[in-house]
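Participant: Supplied structure: target31.cif, mmCIF, C-alpha atoms.
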data_coords
loop_
_atom_site.label_atom_id
_atom_site.label_comp_id
_atom_site.auth_asym_id
_atom_site.auth_seq_id
_atom_site.Cartn_x
_atom_site.Cartn_y
_atom_site.Cartn_z
CA MET Q 122 14.18 -6.82 -7.57
CA GLY Q 123 11.72 -9.66 -8.01
CA ASN Q 124 12.76 -12.21 -5.42
CA PRO Q 125 10.12 -14.78 -4.41
CA VAL Q 126 8.06 -13.78 -1.41
CA GLY Q 127 9.31 -16.56 0.79
CA GLU Q 128 12.96 -15.85 0.04
CA LYS Q 129 13.00 -12.64 2.06
CA MET Q 130 10.36 -13.64 4.56
CA ALA Q 131 12.42 -16.52 5.89
CA PRO Q 132 14.95 -14.37 7.82
CA LEU Q 133 12.08 -12.83 9.73
CA LEU Q 134 11.25 -16.01 11.59
CA LYS Q 135 13.61 -15.40 14.45
CA LYS Q 136 13.25 -16.71 17.95
CA ARG Q 137 12.69 -13.26 19.37
CA GLU Q 138 10.34 -10.59 18.10
CA GLU Q 139 12.08 -7.26 17.53
CA LYS Q 140 10.39 -4.80 19.84
CA ALA Q 141 8.54 -1.93 18.17
CA GLU Q 142 9.39 1.56 19.25
CA LEU Q 143 6.82 3.20 21.50
CA LEU Q 144 5.44 6.02 19.42
CA GLU Q 145 2.58 8.42 19.72
CA LYS Q 146 0.37 6.83 17.10
CA LYS Q 147 -3.32 6.23 17.42
CA PRO Q 148 -4.51 2.61 17.06
CA GLU Q 149 -6.78 3.61 14.16
CA GLU Q 150 -3.61 4.53 12.25
CA TYR Q 151 -1.84 1.18 12.57
CA ASP Q 152 -3.98 -1.46 14.35
CA ILE Q 153 -5.63 -3.64 11.70
CA LYS Q 154 -8.57 -4.18 14.06
CA GLU Q 155 -9.30 -0.45 14.19
CA ARG Q 156 -7.95 1.10 11.00
CA PRO Q 157 -10.08 1.24 7.81
CA ASP Q 158 -9.94 -2.09 5.99
CA ARG Q 159 -9.52 -1.24 2.31
CA VAL Q 160 -8.94 -4.84 1.14
CA GLY Q 161 -11.06 -6.96 3.50
CA LYS Q 162 -13.93 -7.25 1.04
CA TYR Q 163 -11.75 -9.41 -1.21
CA PHE Q 164 -11.38 -12.05 1.53
CA LYS Q 165 -15.03 -12.24 2.66
CA LYS Q 166 -15.70 -14.98 0.08
CA TYR Q 167 -13.73 -17.43 2.24
CA THR Q 168 -16.33 -17.30 5.02
CA LYS Q 169 -18.44 -19.64 2.91
CA ASN Q 170 -15.96 -22.39 3.79
CA PHE Q 171 -17.11 -22.24 7.41
CA VAL Q 172 -20.21 -22.94 9.46
CA PHE Q 173 -20.54 -21.85 13.07
CA ASP Q 174 -21.36 -23.76 16.25
CA GLU Q 175 -20.75 -23.11 19.95
CA PHE Q 176 -18.90 -24.85 22.76
CA SER Q 177 -21.27 -26.76 25.01
CA ASP Q 178 -21.96 -25.48 28.52
CA ASP Q 179 -20.37 -28.63 29.92
CA PHE Q 180 -17.15 -28.06 27.93
CA ILE Q 181 -16.98 -24.41 28.99
CA LYS Q 182 -17.45 -25.38 32.62
CA ARG Q 183 -14.72 -28.05 32.46
CA THR Q 184 -12.19 -25.86 30.65
CA GLY Q 185 -12.91 -22.53 32.30
CA PHE Q 186 -13.48 -20.92 28.92
CA ASP Q 187 -16.29 -18.73 30.26
CA PHE Q 188 -15.33 -15.97 27.83
CA MET Q 189 -16.33 -18.30 24.96
CA LYS Q 190 -19.92 -18.79 26.11
CA GLY Q 191 -22.24 -17.90 23.25
CA VAL Q 192 -19.31 -17.19 20.93
CA PRO Q 193 -19.60 -18.76 17.46
CA ILE Q 194 -16.87 -21.28 16.68
CA PRO Q 195 -15.91 -21.48 12.98
CA LEU Q 196 -15.84 -25.01 11.62
CA ARG Q 197 -15.14 -26.31 8.19
CA LYS Q 198 -17.95 -28.49 6.97
CA GLN Q 199 -15.85 -31.62 7.34
CA ASP Q 200 -15.27 -30.70 11.02
CA LEU Q 201 -18.92 -30.90 12.01
CA GLU Q 202 -19.00 -34.63 12.71
CA SER Q 203 -15.94 -34.42 14.93
CA PHE Q 204 -17.00 -31.32 16.81
CA LYS Q 205 -18.59 -32.49 20.03
CA GLY Q 206 -18.66 -29.43 22.17
CA GLY Q 207 -14.92 -28.99 21.65
CA ASP Q 208 -13.84 -32.53 22.60
CA GLY Q 209 -13.88 -33.98 19.10
CA LEU Q 210 -11.43 -31.55 17.57
CA LYS Q 211 -7.97 -30.60 18.73
CA MET Q 212 -7.70 -27.09 20.08
CA ASN Q 213 -5.00 -26.15 17.59
CA HIS Q 214 -7.36 -27.12 14.77
CA ILE Q 215 -10.05 -24.85 16.20
CA ALA Q 216 -7.44 -22.11 16.65
CA GLU Q 217 -6.52 -22.40 12.96
CA ASN Q 218 -10.18 -22.00 11.97
CA ILE Q 219 -10.50 -18.99 14.25
CA SER Q 220 -7.39 -17.44 12.74
CA TRP Q 221 -9.05 -17.57 9.32
CA ILE Q 222 -12.05 -15.59 10.57
CA MET Q 223 -9.72 -13.11 12.29
CA GLY Q 224 -7.74 -12.61 9.08
CA ILE Q 225 -10.81 -12.40 6.88
CA ASP Q 226 -12.49 -9.82 9.11
CA PRO Q 227 -10.33 -8.12 11.77
CA LYS Q 228 -13.43 -6.23 12.91
CA PHE Q 229 -15.39 -9.42 13.65
CA GLU Q 230 -17.73 -8.73 16.56
CA HIS Q 231 -16.29 -11.56 18.69
CA MET Q 232 -12.67 -10.59 18.08
CA GLU Q 233 -11.89 -9.96 21.77
CA SER Q 234 -13.08 -13.45 22.70
CA TYR Q 235 -11.05 -14.93 19.87
CA LEU Q 236 -7.94 -13.07 21.03
CA GLU Q 237 -8.42 -14.34 24.57
CA PHE Q 238 -8.79 -17.87 23.18
CA MET Q 239 -5.51 -17.47 21.29
CA LYS Q 240 -3.84 -16.05 24.38
CA ARG Q 241 -4.49 -19.33 26.20
CA PHE Q 242 -2.09 -20.97 23.71
CA SER Q 243 0.61 -18.28 24.15
CA ASN Q 244 0.43 -15.26 21.88
CA ALA Q 245 4.07 -15.52 20.78
CA LYS Q 246 3.69 -19.17 19.76
CA ILE Q 247 0.48 -18.50 17.84
CA LEU Q 248 1.92 -15.37 16.24
CA ASN Q 249 5.02 -17.13 14.94
CA GLY Q 250 2.92 -20.05 13.74
CA LEU Q 251 0.59 -17.79 11.78
CA VAL Q 252 3.50 -15.99 10.12
CA ARG Q 253 5.14 -19.31 9.29
CA GLU Q 254 1.94 -20.64 7.73
CA GLY Q 255 1.53 -17.41 5.80
CA ARG Q 256 5.10 -17.62 4.54
CA ASP Q 257 4.59 -21.21 3.40
CA ALA Q 258 1.39 -20.22 1.58
CA ALA Q 259 3.19 -17.29 -0.08
CA GLU Q 260 6.00 -19.57 -1.28
CA ALA Q 261 3.30 -21.74 -2.86
CA LYS Q 262 1.83 -18.57 -4.46
CA ASP Q 263 -1.38 -19.03 -2.46
CA TYR Q 264 -1.39 -15.32 -1.72
CA ASP Q 265 -4.95 -14.94 -0.35
CA ASN Q 266 -4.22 -17.68 2.17
CA ALA Q 267 -0.96 -15.95 3.08
CA ALA Q 268 -2.58 -12.54 3.48
CA ILE Q 269 -5.30 -13.95 5.74
CA HIS Q 270 -2.73 -15.54 8.05
CA PHE Q 271 -0.63 -12.36 8.19
CA ARG Q 272 -3.76 -10.31 8.95
CA ALA Q 273 -4.64 -12.71 11.77
CA ALA Q 274 -1.12 -12.32 13.15
CA LEU Q 275 -1.56 -8.53 13.03
CA CYS Q 276 -4.76 -8.88 15.05
CA ILE Q 277 -2.67 -10.45 17.81
CA ASN Q 278 0.23 -8.00 17.55
CA PRO Q 279 -0.40 -4.99 15.27
CA THR Q 280 3.27 -3.92 15.32
CA SER Q 281 4.87 -7.33 14.78
CA ILE Q 282 7.83 -6.84 12.44
CA HIS Q 283 7.25 -10.34 11.07
CA ALA Q 284 3.57 -9.81 10.29
CA MET Q 285 3.84 -6.19 9.08
CA TYR Q 286 6.61 -6.92 6.59
CA SER Q 287 5.09 -10.18 5.36
CA TYR Q 288 1.66 -8.61 4.92
CA ALA Q 289 3.10 -5.65 2.99
CA ARG Q 290 5.00 -8.07 0.75
CA VAL Q 291 2.05 -10.30 -0.01
CA CYS Q 292 -0.21 -7.30 -0.74
CA ARG Q 293 2.44 -6.29 -3.26
CA GLU Q 294 2.34 -9.72 -4.89
CA LEU Q 295 -1.47 -9.56 -5.04
CA TYR Q 296 -1.63 -6.24 -6.87
CA LEU Q 297 1.21 -7.16 -9.23
CA ALA Q 298 -0.74 -10.25 -10.29
CA SER Q 299 -3.99 -8.39 -10.99
CA ASN Q 300 -5.42 -6.51 -13.96
CA ASN Q 301 -8.32 -4.97 -12.05
CA GLU Q 302 -7.75 -1.25 -11.53
CA GLU Q 303 -9.64 -0.93 -8.24
CA TYR Q 304 -8.09 -4.10 -6.84
CA ILE Q 305 -4.60 -2.92 -7.78
CA GLY Q 306 -5.21 0.48 -6.23
CA ARG Q 307 -6.46 -0.93 -2.94
CA PHE Q 308 -3.73 -3.51 -2.48
CA LYS Q 309 -1.02 -1.10 -3.61
CA ALA Q 310 -2.17 1.45 -1.02
CA GLU Q 311 -2.29 -1.27 1.65
CA SER Q 312 1.19 -2.49 0.78
CA ILE Q 313 2.74 0.97 0.77
CA GLU Q 314 1.07 1.95 4.02
CA PHE Q 315 2.33 -1.12 5.86
CA PHE Q 316 5.86 -0.66 4.51
CA GLU Q 317 5.67 2.92 5.77
CA LEU Q 318 4.33 1.81 9.16
CA LEU Q 319 7.17 -0.68 9.34
CA THR Q 320 9.70 2.14 8.99
CA VAL Q 321 7.93 4.01 11.79
CA PHE Q 322 7.81 1.16 14.30
CA HIS Q 323 10.98 -0.63 13.17
CA PRO Q 324 13.11 2.12 11.59
CA ARG Q 325 16.24 -0.04 11.35
CA TYR Q 326 14.62 -2.74 9.24
CA GLY Q 327 16.26 -2.18 5.87
CA LEU Q 328 14.02 -4.23 3.57
CA ALA Q 329 11.08 -1.92 4.23
CA TYR Q 330 13.04 0.93 2.62
CA TYR Q 331 14.07 -1.35 -0.25
CA TYR Q 332 10.47 -2.03 -1.26
CA LEU Q 333 9.28 1.49 -0.47
CA GLY Q 334 11.84 2.76 -2.94
CA TYR Q 335 10.24 0.71 -5.71
CA CYS Q 336 6.73 1.72 -4.59
CA TYR Q 337 7.63 5.40 -4.78
CA LEU Q 338 9.51 4.96 -8.05
CA ASN Q 339 6.45 3.39 -9.70
CA MET Q 340 4.36 6.33 -8.49
CA GLY Q 341 6.78 8.85 -9.98
CA LEU Q 342 7.83 10.04 -6.51
CA TYR Q 343 11.53 10.12 -7.28
CA ILE Q 344 12.68 12.18 -4.31
CA LYS Q 345 10.89 9.86 -1.86
CA ALA Q 346 12.32 6.83 -3.67
CA LYS Q 347 15.81 8.33 -3.42
CA LEU Q 348 15.44 9.00 0.31
CA ALA Q 349 14.09 5.50 0.96
CA TRP Q 350 16.93 3.85 -0.96
CA GLU Q 351 19.58 5.98 0.68
CA GLN Q 352 18.28 4.82 4.04
CA PHE Q 353 18.28 1.22 2.78
CA LEU Q 354 21.95 1.52 1.82
CA LYS Q 355 22.78 2.70 5.34
CA LEU Q 356 21.12 -0.39 6.84
CA SER Q 357 21.65 -3.13 4.26
CA ARG Q 358 24.21 -5.89 4.58
CA ASN Q 359 23.17 -7.55 1.34
CA PRO Q 360 25.77 -6.75 -1.38
CA LYS Q 361 23.51 -7.85 -4.24
CA ASP Q 362 20.56 -5.68 -3.23
CA SER Q 363 22.86 -2.76 -2.40
CA LYS Q 364 24.47 -2.91 -5.84
CA GLU Q 365 21.02 -3.01 -7.46
CA VAL Q 366 19.85 0.02 -5.48
CA ARG Q 367 22.99 2.04 -6.25
CA SER Q 368 22.39 1.40 -9.94
CA ARG Q 369 18.78 2.56 -9.60
CA LEU Q 370 19.87 5.71 -7.80
CA GLN Q 371 22.27 6.58 -10.61
CA GLN Q 372 19.46 6.17 -13.15
CA MET Q 373 17.24 8.48 -11.11
CA THR Q 374 19.55 11.50 -10.97
CA GLU Q 375 17.71 13.47 -13.68
CA PRO Q 376 14.14 12.50 -12.65
CA VAL Q 377 14.95 13.58 -9.08
CA LYS Q 378 16.17 16.94 -10.34
CA ILE Q 379 13.05 17.38 -12.48
CA GLU Q 380 10.84 16.62 -9.50
CA GLU Q 381 12.76 19.20 -7.48
CA GLY Q 382 11.95 21.74 -10.20
CA CYS Q 383 8.27 20.83 -10.12
CA ASN Q 384 8.24 21.11 -6.33
CA ALA Q 385 9.88 24.53 -6.57
CA VAL Q 386 6.97 25.69 -8.74
CA LEU Q 387 4.44 24.16 -6.35
CA SER Q 388 6.00 26.07 -3.46
CA GLY Q 389 5.90 29.40 -5.35
CA ARG Q 390 9.60 29.55 -6.26
CA TYR Q 391 8.81 30.05 -9.93
CA GLU Q 392 12.15 31.35 -11.16
CA LEU Q 393 14.03 28.49 -9.51
CA GLY Q 394 11.59 26.00 -11.03
CA ILE Q 395 12.15 27.47 -14.48
CA ASP Q 396 15.93 27.43 -14.06
CA ILE Q 397 15.83 23.75 -13.12
CA LEU Q 398 13.27 22.56 -15.68
CA GLU Q 399 14.00 24.51 -18.87
CA PRO Q 400 17.28 22.68 -19.70
CA TYR Q 401 15.45 19.34 -19.72
CA LEU Q 402 13.29 20.44 -22.67
CA GLU Q 403 16.30 19.63 -24.85
CA THR Q 404 16.80 16.14 -23.41
CA ARG Q 405 15.17 12.73 -23.56
CA PHE Q 406 12.76 13.99 -20.87
CA LYS Q 407 11.15 16.54 -23.19
CA ASP Q 408 8.00 14.40 -23.46
CA TRP Q 409 7.40 14.31 -19.70
CA TRP Q 410 4.22 16.36 -19.77
CA PRO Q 411 4.20 17.22 -16.01
CA MET Q 412 7.47 19.11 -16.56
CA SER Q 413 5.87 21.25 -19.29
CA TYR Q 414 2.78 21.76 -17.18
CA TYR Q 415 4.74 23.11 -14.20
CA LEU Q 416 6.82 25.26 -16.52
CA GLY Q 417 3.57 26.66 -17.89
CA VAL Q 418 2.35 27.42 -14.38
CA ALA Q 419 5.62 29.17 -13.53
CA TYR Q 420 5.54 31.25 -16.74
CA THR Q 421 1.91 32.20 -16.07
CA ARG Q 422 2.57 33.33 -12.53
CA LEU Q 423 5.49 35.45 -13.75
CA GLY Q 424 3.38 37.03 -16.51
CA ASN Q 425 5.06 35.29 -19.44
CA ARG Q 426 1.94 34.37 -21.40
CA LYS Q 427 3.70 33.39 -24.63
CA ASP Q 428 5.89 30.70 -23.08
CA ALA Q 429 3.04 29.62 -20.80
CA MET Q 430 0.74 29.00 -23.79
CA ALA Q 431 3.47 27.09 -25.60
CA SER Q 432 4.03 24.92 -22.51
CA PHE Q 433 0.35 24.09 -21.95
CA LYS Q 434 -0.13 23.29 -25.66
CA ARG Q 435 2.94 21.04 -25.48
CA VAL Q 436 1.26 19.22 -22.57
CA LEU Q 437 -1.90 18.70 -24.63
CA GLY Q 438 0.18 17.43 -27.53
CA ILE Q 439 1.45 14.67 -25.23
CA ASN Q 440 -1.61 14.23 -22.98
CA PRO Q 441 -4.69 15.50 -24.88
CA SER Q 442 -7.04 15.06 -21.90
CA HIS Q 443 -5.10 17.11 -19.37
CA VAL Q 444 -7.89 19.30 -17.98
CA GLU Q 445 -5.69 21.59 -15.89
CA SER Q 446 -3.74 22.69 -18.97
CA MET Q 447 -7.00 23.43 -20.80
CA GLU Q 448 -8.20 25.53 -17.90
CA GLU Q 449 -4.91 27.42 -17.69
CA LEU Q 450 -5.12 28.18 -21.42
CA ALA Q 451 -8.72 29.35 -21.05
CA GLU Q 452 -7.62 31.80 -18.34
CA ILE Q 453 -4.78 33.13 -20.48
CA TYR Q 454 -7.13 33.67 -23.43
CA ALA Q 455 -9.67 35.32 -21.14
CA GLU Q 456 -7.05 37.81 -19.95
CA SER Q 457 -6.13 38.61 -23.56
CA LYS Q 458 -9.84 39.03 -24.51
CA ASP Q 459 -9.70 36.10 -26.98
CA GLN Q 460 -13.23 34.86 -26.31
CA GLU Q 461 -13.21 32.27 -29.11
CA ASN Q 462 -10.22 30.36 -27.77
CA GLU Q 463 -11.29 30.86 -24.17
CA THR Q 464 -14.67 29.23 -24.96
CA LYS Q 465 -12.97 26.46 -26.93
CA TYR Q 466 -10.76 25.34 -24.03
CA ARG Q 467 -13.44 25.78 -21.36
CA LYS Q 468 -15.80 23.53 -23.33
CA LYS Q 469 -13.08 20.90 -23.77
CA ALA Q 470 -12.29 20.96 -20.06
CA GLU Q 471 -15.97 20.73 -19.15
CA LEU Q 472 -16.46 17.72 -21.43
CA ILE Q 473 -13.53 15.91 -19.85
CA ARG Q 474 -14.66 16.65 -16.30
CA SER Q 475 -18.19 15.47 -17.10
CA GLY Q 476 -16.92 12.28 -18.75
CA GLY Q 477 -18.15 13.42 -22.17
CA HIS Q 478 -15.89 12.15 -24.94
CA LYS Q 479 -12.27 11.93 -25.92
CA VAL Q 480 -10.73 15.25 -26.70
CA ASN Q 481 -9.02 15.74 -30.03
CA LYS Q 482 -5.80 17.66 -30.20
#
Translate this file's structure into structure tokens.
Facilitator:
Amino acid sequence: MGNPVGEKMAPLLKKREEKAELLEKKPEEYDIKERPDRVGKYFKKYTKNFVFDEFSDDFIKRTGFDFMKGVPIPLRKQDLESFKGGDGLKMNHIAENISWIMGIDPKFEHMESYLEFMKRFSNAKILNGLVREGRDAAEAKDYDNAAIHFRAALCINPTSIHAMYSYARVCRELYLASNNEEYIGRFKAESIEFFELLTVFHPRYGLAYYYLGYCYLNMGLYIKAKLAWEQFLKLSRNPKDSKEVRSRLQQMTEPVKIEEGCNAVLSGRYELGIDILEPYLETRFKDWWPMSYYLGVAYTRLGNRKDAMASFKRVLGINPSHVESMEELAEIYAESKDQENETKYRKKAELIRSGGHKVNK
């Protein structure tokens, strides 16, 4: 599962960009310049590496870069001496600096001017170069650098298979390397969303399904993981990865069935949910508290208070802070006129919801 980032990015650098399907999706759903930026704040620190100047009027007149008049040009501090209205630095060096600002902040107010500047060098050439630089940075485990280059590439072409896949992969590496809960949550969501977008715009790209399977598995979404991996097996030509995925699918047979039982309860098919879930109480999955919770819900809705209470108490024996089980128990005791126990569980639930203290069993 854990191949180095660069190992699977390399095949993406083809001569021709695979064309994205034309779909009815709004830019704010997929275009990094318009969609909410949940991780951009972690890259803002790199702006301190730059100062800003402008092209001189003479340079703009000679080059025809009228669209760059009054537009700030990012320069590294060591570039200042060489920057003489644009003549002292090579254009590809300036383009590299601009790509950093694009990747750091895709909503930068001068983005349209920057994109036009890049267009003068050929979008395809710049795009491939940014992905290549990002891949090299990822192979060196310089993941922030890599992410910034992939984000810049996505500014140029929001549906680039190269940039979408590489960005999703490097976001995955970033959250796997972190211990910060918020950071992990933001980069995990970003990674998953771009893998999902990749399957929308490039539905025959197998590796997106490969990684989505692991994303869903880690979230306990076994049915979605199964569907993603089954699609991967249809598309994959890699025997090693296919063997790995088949093994994972075999291991997931029971969790998938349990999730189907929970979903049956969620959809109001209580008897079916009970039929599916009850047998697993005698297996190694007996300590999966969500299974007992959904069994409790099903028993409650069918009027079986005794088994419902046993199920919710089993949940609290495994997960003492599960508020929903406390609230379900309080309702059951209220219906049976047991005010003492009703008050007990309502108070516990209220303390948890208010962030009071740890609840004892």
Participant: Which residues would end up in the selection if the PyMOL selection byres ((chain Q and resi 419) around 8) were applied here, given that I need the answer as a PyMOL selection string?
Facilitator: chain Q and resi 386+391-392+394-395+415-418+420-423+429
Participant: Using all atoms listed in the file, pick whichever of Q:Glu311, Q:Glu233, Q:Glu294, Q:Asp174 has the shortest atom-to-atom distance to Pro157 (chain Q).
Facilitator: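 Comparing Q:Glu311, Q:Glu233, Q:Glu294, Q:Asp174 against Pro157 (chain Q), the winner is Q:Glu311.
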Participant: Hey, what comes out of the PyMOL selection byres ((chain Q and resi 469) around 9) on this file? Could you write it as a short mmCIF file (atom, residue, chain, number, x, y, z; two decimals) with C-alpha atoms, in the coordinates of the input?
Facilitator:
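As a result, part22.cif now contains:
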data_model
loop_
_atom_site.label_atom_id
_atom_site.label_comp_id
_atom_site.auth_asym_id
_atom_site.auth_seq_id
_atom_site.Cartn_x
_atom_site.Cartn_y
_atom_site.Cartn_z
CA SER Q 442 -7.04 15.06 -21.90
CA VAL Q 444 -7.89 19.30 -17.98
CA MET Q 447 -7.00 23.43 -20.80
CA GLU Q 448 -8.20 25.53 -17.90
CA THR Q 464 -14.67 29.23 -24.96
CA LYS Q 465 -12.97 26.46 -26.93
CA TYR Q 466 -10.76 25.34 -24.03
CA ARG Q 467 -13.44 25.78 -21.36
CA LYS Q 468 -15.80 23.53 -23.33
CA ALA Q 470 -12.29 20.96 -20.06
CA GLU Q 471 -15.97 20.73 -19.15
CA LEU Q 472 -16.46 17.72 -21.43
CA ILE Q 473 -13.53 15.91 -19.85
CA ARG Q 474 -14.66 16.65 -16.30
CA VAL Q 480 -10.73 15.25 -26.70
#
Participant: Applied to this file, what does the PyMOL selection byres ((chain Q and resi 163) around 12) return in terms of residues, put as a VMD selection string?
Facilitator: chain Q and resid 158 to 162 164 to 168 224 to 226 264 to 266 268 to 269 292 295 303 to 305 307 to 308
Participant: For Gly327 (chain Q), list every protein, DNA or RNA residue within 9 Å, evaluated using all atoms listed in the file, and leave out those in the same chain fewer than 6 positions away; present the list as a PyMOL selection string.
Facilitator: chain Q and resi 320+352-358
Participant: Which residues are near region 405-411 of chain Q? Cut-off 10 Å, all atoms listed in the file, ignore same chain within fewer than 5 positions. Put them as a CSV table (one decimal) with C-alpha atoms, keeping the file's coordinate frame.
Facilitator:
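Saved the output as out06.csv:
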chain,number,residue,atom,x,y,z
Q,375,GLU,CA,17.7,13.5,-13.7
Q,376,PRO,CA,14.1,12.5,-12.6
Q,379,ILE,CA,13.0,17.4,-12.5
Q,380,GLU,CA,10.8,16.6,-9.5
Q,383,CYS,CA,8.3,20.8,-10.1
Q,398,LEU,CA,13.3,22.6,-15.7
Q,399,GLU,CA,14.0,24.5,-18.9
Q,400,PRO,CA,17.3,22.7,-19.7
Q,416,LEU,CA,6.8,25.3,-16.5
Q,417,GLY,CA,3.6,26.7,-17.9
Q,432,SER,CA,4.0,24.9,-22.5
Q,433,PHE,CA,0.4,24.1,-22.0
Q,435,ARG,CA,2.9,21.0,-25.5
Q,436,VAL,CA,1.3,19.2,-22.6
Q,437,LEU,CA,-1.9,18.7,-24.6
Q,438,GLY,CA,0.2,17.4,-27.5
Q,439,ILE,CA,1.4,14.7,-25.2
Q,440,ASN,CA,-1.6,14.2,-23.0
Q,443,HIS,CA,-5.1,17.1,-19.4
Participant: Pick out the residues sitting within 10 Å of Tyr151 (chain Q), and hand them over as a list in words; count all atoms listed in the file, and ignore anything fewer than 2 positions along from it in its own chain.
Facilitator: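 In the requested format, the answer is Lys146, Lys147, Pro148, Glu149, Ile153, Lys154, Glu155, Arg156, Pro157, Leu275, Pro279, Thr280, Met285, Glu314, Phe315, Leu318, Leu319 and Phe322 of chain Q.
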Participant: Just want the 8 Å neighbourhood of Lys347 (chain Q), counted on all atoms listed in the file, with same-chain residues fewer than 4 positions away dropped. Output as a list in words.
Facilitator: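 The contact residues come out as Gly334, Tyr343, Glu351, Leu370, Met373 and Val377 of chain Q.
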Participant: For CA of Ala216 (chain Q) and CA of Arg290 (chain Q), quote the distance in Å rounded to one decimal.
Facilitator: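 If I compute the distance from CA of Ala216 (chain Q) to CA of Arg290 (chain Q), I get 24.6 Å.
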Participant: Would you mind reading off the distance between CA of Asp459 (chain Q) and CA of Arg390 (chain Q), one decimal, in Å?
Facilitator: 29.1 Å
Participant: Of the residues Q:Phe176, Q:Phe271, Q:Tyr235, Q:Tyr332, which is the one nearest to Arg253 (chain Q), using all atoms listed in the file?
Facilitator: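 Nearest candidate to Arg253 (chain Q) out of Q:Phe176, Q:Phe271, Q:Tyr235, Q:Tyr332: Q:Phe271.
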Participant: If you measure from CA of Phe316 (chain Q) to CA of His283 (chain Q), what distance in Å do you get, rounded to one decimal?
Facilitator: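 The value is 11.8 Å.
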Participant: So which one's closest to His214 (chain Q), Q:Lys182, Q:Met232, Q:Arg256, Q:Ile194? Using all atoms listed in the file, please.
Facilitator: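 Closest to His214 (chain Q) of all the choices is Q:Ile194.
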Participant: Name all residues at most 12 Å from Thr184 (chain Q) (count all atoms listed in the file; drop same-chain ones fewer than 2 positions away) and give them as a list in words.
Facilitator: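 Result of the neighbour search: Phe176, Ser177, Asp178, Asp179, Phe180, Ile181, Lys182, Phe186, Asp187, Phe188, Met189, Lys190, Gly206, Gly207, Asp208, Met212, Phe238 and Arg241 of chain Q.
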